[in-house]
Structure formats: structure tokens, C-alpha cells
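Reading through the C-alpha cells given below for one structure.
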Amino acid sequence: MGDREEPGYFAVPDPLDGTRMSYWYRSRAARSAGQLAPWPPRRNRWGHLLKRDVPFDKAADPPGYRAFVREHFDRVFDARVEARRLIEADPDAASARFAALAIRCCWCGKQLADEHSRVYGVGPECRQGLSAEELARMVELVAAAHAEVLSDA
């Protein structure tokens with residue numbers, strides 16, 4: 001998408017639940033810079049395992065409990081790998097899908113307030129410096145994301 005920073009927010013079909021979308025962002029924090037994480041941070045329960053969801057009593061059946069938890073986190077790890085693969089296969093489409101579905105800028109994650117921003121999938125601050133060709137491509141990608149969602153409905 002040009003010589004500036006790439007989009008940092010994405011939406012892909014949820015590898016844990018094929019009937020939903022999962023939302024991801026590329027962290028910019030120093031410790032985890034560049035890593036994909038579920039979005040929104042701190043409020044997303046994607047991949048979490050709650051005690052009430054474990055069908056085994058930890059005290060009564062430790063091996064069953066441990067096996068269930070290990071299997072869950074193996075499944076979550078594989079799902080993260082699949083989400084990363086889907087994003088890396090077509091990051092532009094995944095970021096446009098994020099903008100179309102979350103109505104947020106695919107670069108910075110801020111709410112898209114005006115009509116032009118929603119059409120581009122990019123907010124006014126992040127649009128600065130984008131060429132007309134890049135903006136036209138974003139319009140096409142966001143339109144394709146809307147069409148994809150409508151065809152699934």
C-alpha cells in the first residue's frame with residue numbers, strides 16, 4: 001500500500017467458529033511489536049478458557065482436566081496460526097474487511113465518523129499521504145468486503 005506504515009487491523013473468518021468473524025490487530029507496543037493479537041485488546045475473550053467451560057473437576061479428575069485444557073490451547077494455537085495465515089495471504093482484503101465490519105480505520109483502529117472515511121476504510125489522518133491509486137484500491141477493497149458480507153447473509 002505504498003511507502004507508509006501498513007494497516008494494523010484485520011478481520012478474518014474465525015478459525016474457532018466458522019460462523020463468526022475474528023478481529024485482529026498488529027501490536028505496536030515495544031514488547032510485542034508486530035505480533036497479531038485479538039482485537040479489541042483487554043476486552044476480547046477470544047481463545048480464553050473459563051473454569052465453567054471445562055467439563056472435568058480439577059480435583060476429582062486431574063488427568064482429564066489437564067488433557068482437556070491442553071487440547072483447548074492446542075486448538076487455540078492452531079487457530080492463531082490459521083488467522084495469521086489468512087491475514088498474510090491477503091492483508092489488504094483483511095484490513096478492508098475490518099474497516100467495513102467494525103467501521104474503524106484499518107490503520108489506527110479509530111472510529112470512522114464521516115462518510116468519506118467509511119468509503120475508504122481509512123480515517124482522515126491516516127489518509128494523508130495516500131495516493132489517489134491507493135485510495136481507489138481501498139474503495140474497491142471495502143466494497144468487496146461489503147459484498148462478501150452481504151453474500152454470506
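Convention: chains lettered A, B, ... in C-alpha cells order; per-chain residue numbering from 1; ligands numbered from 1 as shown.
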Please list as a PDB file with N, CA, C and O atoms, in the first residue's frame every residue within 8 Å of Val139 of chain A, counting only C-alpha atoms and excluding residues in the same chain fewer than 3 positions away.
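Generated file (result.pdb):
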ATOM      1  N   VAL A 119     -16.122   5.024   3.266  1.00  0.00           N
ATOM      2  CA  VAL A 119     -15.940   4.542   1.887  1.00  0.00           C
ATOM      3  C   VAL A 119     -14.516   4.043   1.692  1.00  0.00           C
ATOM      4  O   VAL A 119     -14.291   2.997   1.095  1.00  0.00           O
ATOM      5  N   TYR A 120     -13.538   4.785   2.224  1.00  0.00           N
ATOM      6  CA  TYR A 120     -12.130   4.407   2.063  1.00  0.00           C
ATOM      7  C   TYR A 120     -11.687   3.336   3.058  1.00  0.00           C
ATOM      8  O   TYR A 120     -10.732   2.617   2.805  1.00  0.00           O
ATOM      9  N   GLY A 121     -12.353   3.275   4.217  1.00  0.00           N
ATOM     10  CA  GLY A 121     -11.913   2.374   5.271  1.00  0.00           C
ATOM     11  C   GLY A 121     -10.722   2.920   6.023  1.00  0.00           C
ATOM     12  O   GLY A 121     -10.074   2.218   6.787  1.00  0.00           O
ATOM     13  N   LEU A 135      -6.019   5.114  -2.619  1.00  0.00           N
ATOM     14  CA  LEU A 135      -7.384   5.376  -2.147  1.00  0.00           C
ATOM     15  C   LEU A 135      -8.406   4.645  -3.005  1.00  0.00           C
ATOM     16  O   LEU A 135      -9.367   4.070  -2.482  1.00  0.00           O
ATOM     17  N   ALA A 136      -8.205   4.645  -4.321  1.00  0.00           N
ATOM     18  CA  ALA A 136      -9.120   3.926  -5.210  1.00  0.00           C
ATOM     19  C   ALA A 136      -9.092   2.431  -4.904  1.00  0.00           C
ATOM     20  O   ALA A 136     -10.138   1.773  -4.888  1.00  0.00           O
ATOM     21  N   VAL A 142     -12.929  -2.207   0.184  1.00  0.00           N
ATOM     22  CA  VAL A 142     -14.032  -2.046   1.141  1.00  0.00           C
ATOM     23  C   VAL A 142     -15.348  -2.460   0.489  1.00  0.00           C
ATOM     24  O   VAL A 142     -16.171  -3.146   1.110  1.00  0.00           O
ATOM     25  N   ALA A 143     -15.553  -2.094  -0.766  1.00  0.00           N
ATOM     26  CA  ALA A 143     -16.771  -2.505  -1.482  1.00  0.00           C
ATOM     27  C   ALA A 143     -16.831  -4.026  -1.596  1.00  0.00           C
ATOM     28  O   ALA A 143     -17.894  -4.635  -1.400  1.00  0.00           O
TER      29      ALA A 143
END
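Nearest to His48 of chain A of all the residues A:Ala83, A:Leu16, A:Ala33, A:Ala113 is A:Leu16, based on only C-alpha atoms.
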Based on DSSP run over this structure's backbone, return all residues of segment 1-149 of chain A in helix (DSSP H, G or I), as a PyMOL selection string.
-> chain A and resi 51-53+62-89+91-102+115-120+124-127+132-149
Closest contacts (segment 3-51 of chain A/segment 100-112 of chain A, max 6 Å, only C-alpha atoms) as CSV:
residue,atom,partner,partner_atom,distance
A:Pro7,CA,A:Trp107,CA,4.0
A:Gly8,CA,A:Trp107,CA,5.0
A:Tyr9,CA,A:Cys106,CA,4.9
Long-range neighbours of Pro41 of chain A as an MDAnalysis selection string, 10 Å cut-off, only C-alpha atoms, 4 positions minimum in chain = chainID A and resid 24:25 27 37 45
Keeping only all heavy atoms, write the selected residues as a PDB file, in the first residue's frame.
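The result, written out as selection-v2.pdb:
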ATOM      1  N   TRP A  24      -8.456  -8.743  14.575  1.00  0.00           N
ATOM      2  CA  TRP A  24      -7.069  -8.810  14.986  1.00  0.00           C
ATOM      3  C   TRP A  24      -6.400  -7.461  14.774  1.00  0.00           C
ATOM      4  O   TRP A  24      -6.835  -6.674  13.936  1.00  0.00           O
ATOM      5  CB  TRP A  24      -6.329  -9.869  14.166  1.00  0.00           C
ATOM      6  CG  TRP A  24      -6.942 -11.214  14.332  1.00  0.00           C
ATOM      7  CD1 TRP A  24      -8.016 -11.720  13.639  1.00  0.00           C
ATOM      8  CD2 TRP A  24      -6.576 -12.209  15.266  1.00  0.00           C
ATOM      9  NE1 TRP A  24      -8.322 -12.972  14.098  1.00  0.00           N
ATOM     10  CE2 TRP A  24      -7.448 -13.307  15.086  1.00  0.00           C
ATOM     11  CE3 TRP A  24      -5.590 -12.287  16.234  1.00  0.00           C
ATOM     12  CZ2 TRP A  24      -7.360 -14.456  15.843  1.00  0.00           C
ATOM     13  CZ3 TRP A  24      -5.491 -13.444  16.988  1.00  0.00           C
ATOM     14  CH2 TRP A  24      -6.380 -14.514  16.791  1.00  0.00           C
ATOM     15  N   TYR A  25      -5.349  -7.218  15.535  1.00  0.00           N
ATOM     16  CA  TYR A  25      -4.545  -6.022  15.302  1.00  0.00           C
ATOM     17  C   TYR A  25      -3.076  -6.390  15.465  1.00  0.00           C
ATOM     18  O   TYR A  25      -2.733  -7.359  16.145  1.00  0.00           O
ATOM     19  CB  TYR A  25      -4.943  -4.885  16.251  1.00  0.00           C
ATOM     20  CG  TYR A  25      -4.432  -5.006  17.656  1.00  0.00           C
ATOM     21  CD1 TYR A  25      -3.404  -4.181  18.096  1.00  0.00           C
ATOM     22  CD2 TYR A  25      -4.971  -5.926  18.547  1.00  0.00           C
ATOM     23  CE1 TYR A  25      -2.928  -4.278  19.392  1.00  0.00           C
ATOM     24  CE2 TYR A  25      -4.512  -6.032  19.831  1.00  0.00           C
ATOM     25  CZ  TYR A  25      -3.491  -5.207  20.251  1.00  0.00           C
ATOM     26  OH  TYR A  25      -3.022  -5.315  21.534  1.00  0.00           O
ATOM     27  N   SER A  27       0.199  -5.409  17.016  1.00  0.00           N
ATOM     28  CA  SER A  27       0.614  -4.601  18.160  1.00  0.00           C
ATOM     29  C   SER A  27       1.763  -3.666  17.776  1.00  0.00           C
ATOM     30  O   SER A  27       2.645  -4.027  17.004  1.00  0.00           O
ATOM     31  CB  SER A  27       1.048  -5.511  19.302  1.00  0.00           C
ATOM     32  OG  SER A  27       1.516  -4.743  20.376  1.00  0.00           O
ATOM     33  N   ALA A  37      -2.677  -9.920  17.633  1.00  0.00           N
ATOM     34  CA  ALA A  37      -3.410 -10.200  18.862  1.00  0.00           C
ATOM     35  C   ALA A  37      -4.892  -9.962  18.600  1.00  0.00           C
ATOM     36  O   ALA A  37      -5.250  -9.187  17.712  1.00  0.00           O
ATOM     37  CB  ALA A  37      -2.917  -9.293  19.982  1.00  0.00           C
ATOM     38  N   ARG A  45     -12.280 -11.900  24.530  1.00  0.00           N
ATOM     39  CA  ARG A  45     -12.173 -13.189  25.219  1.00  0.00           C
ATOM     40  C   ARG A  45     -11.791 -14.310  24.251  1.00  0.00           C
ATOM     41  O   ARG A  45     -11.887 -15.480  24.596  1.00  0.00           O
ATOM     42  CB  ARG A  45     -13.515 -13.538  25.888  1.00  0.00           C
ATOM     43  CG  ARG A  45     -14.066 -12.482  26.816  1.00  0.00           C
ATOM     44  CD  ARG A  45     -13.376 -12.338  28.130  1.00  0.00           C
ATOM     45  NE  ARG A  45     -13.378 -13.559  28.892  1.00  0.00           N
ATOM     46  CZ  ARG A  45     -12.493 -13.815  29.840  1.00  0.00           C
ATOM     47  NH1 ARG A  45     -11.570 -12.952  30.142  1.00  0.00           N
ATOM     48  NH2 ARG A  45     -12.536 -14.936  30.489  1.00  0.00           N
TER      49      ARG A  45
END
DSSP-assigned strand (DSSP E or B) among chain A, expressed as a PyMOL selection string = chain A and resi 9-13+21-26+36-38+104+111
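Of note, atom CA of Cys126 of chain A and atom CA of Met138 of chain A are spaced 12.3 Å apart.
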Near Ala94 of chain A, within 7 Å and counting only C-alpha atoms, which residues show up once chain neighbours fewer than 6 positions away are dropped, as a list of chain:residue names?
->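 So, after excluding close chain neighbours, the residues are A:Phe10, A:Ala11, A:Val12, A:Ile87.
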What gap, in Å, lies between atom CA of Pro40 of chain A and atom CA of Ala144 of chain A?
-> 23.6 Å
Smallest atom-to-atom distance to Thr19 of chain A: which of A:Val149, A:Asp92, A:Arg127, A:Lys58, using only C-alpha atoms?
-> A:Val149
Fewer than 4 positions away in the same chain doesn't count, so skip those; otherwise give me all residues within 12 Å of Leu49 of chain A, counting only C-alpha atoms, as a list in words.
->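 Near neighbours after the sequence-gap exclusion: Arg45, Asp53, Val54, Pro55, Phe68, Val69, Arg70, Glu71, His72, Phe73, Arg75 and Val76 of chain A.
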Looking at only C-alpha atoms, which of A:Asp90, A:Asp61, A:Glu6, A:Asp78 is the one that sits closest to Leu141 of chain A?
->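 Residue with the minimum atom-to-atom distance to Leu141 of chain A: A:Asp90.
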Restricting the calculation to only C-alpha atoms, which member of A:Ala30, A:Ala132, A:Ala79, A:Ala67 is positioned closest to Gly18 of chain A?
-> A:Ala79
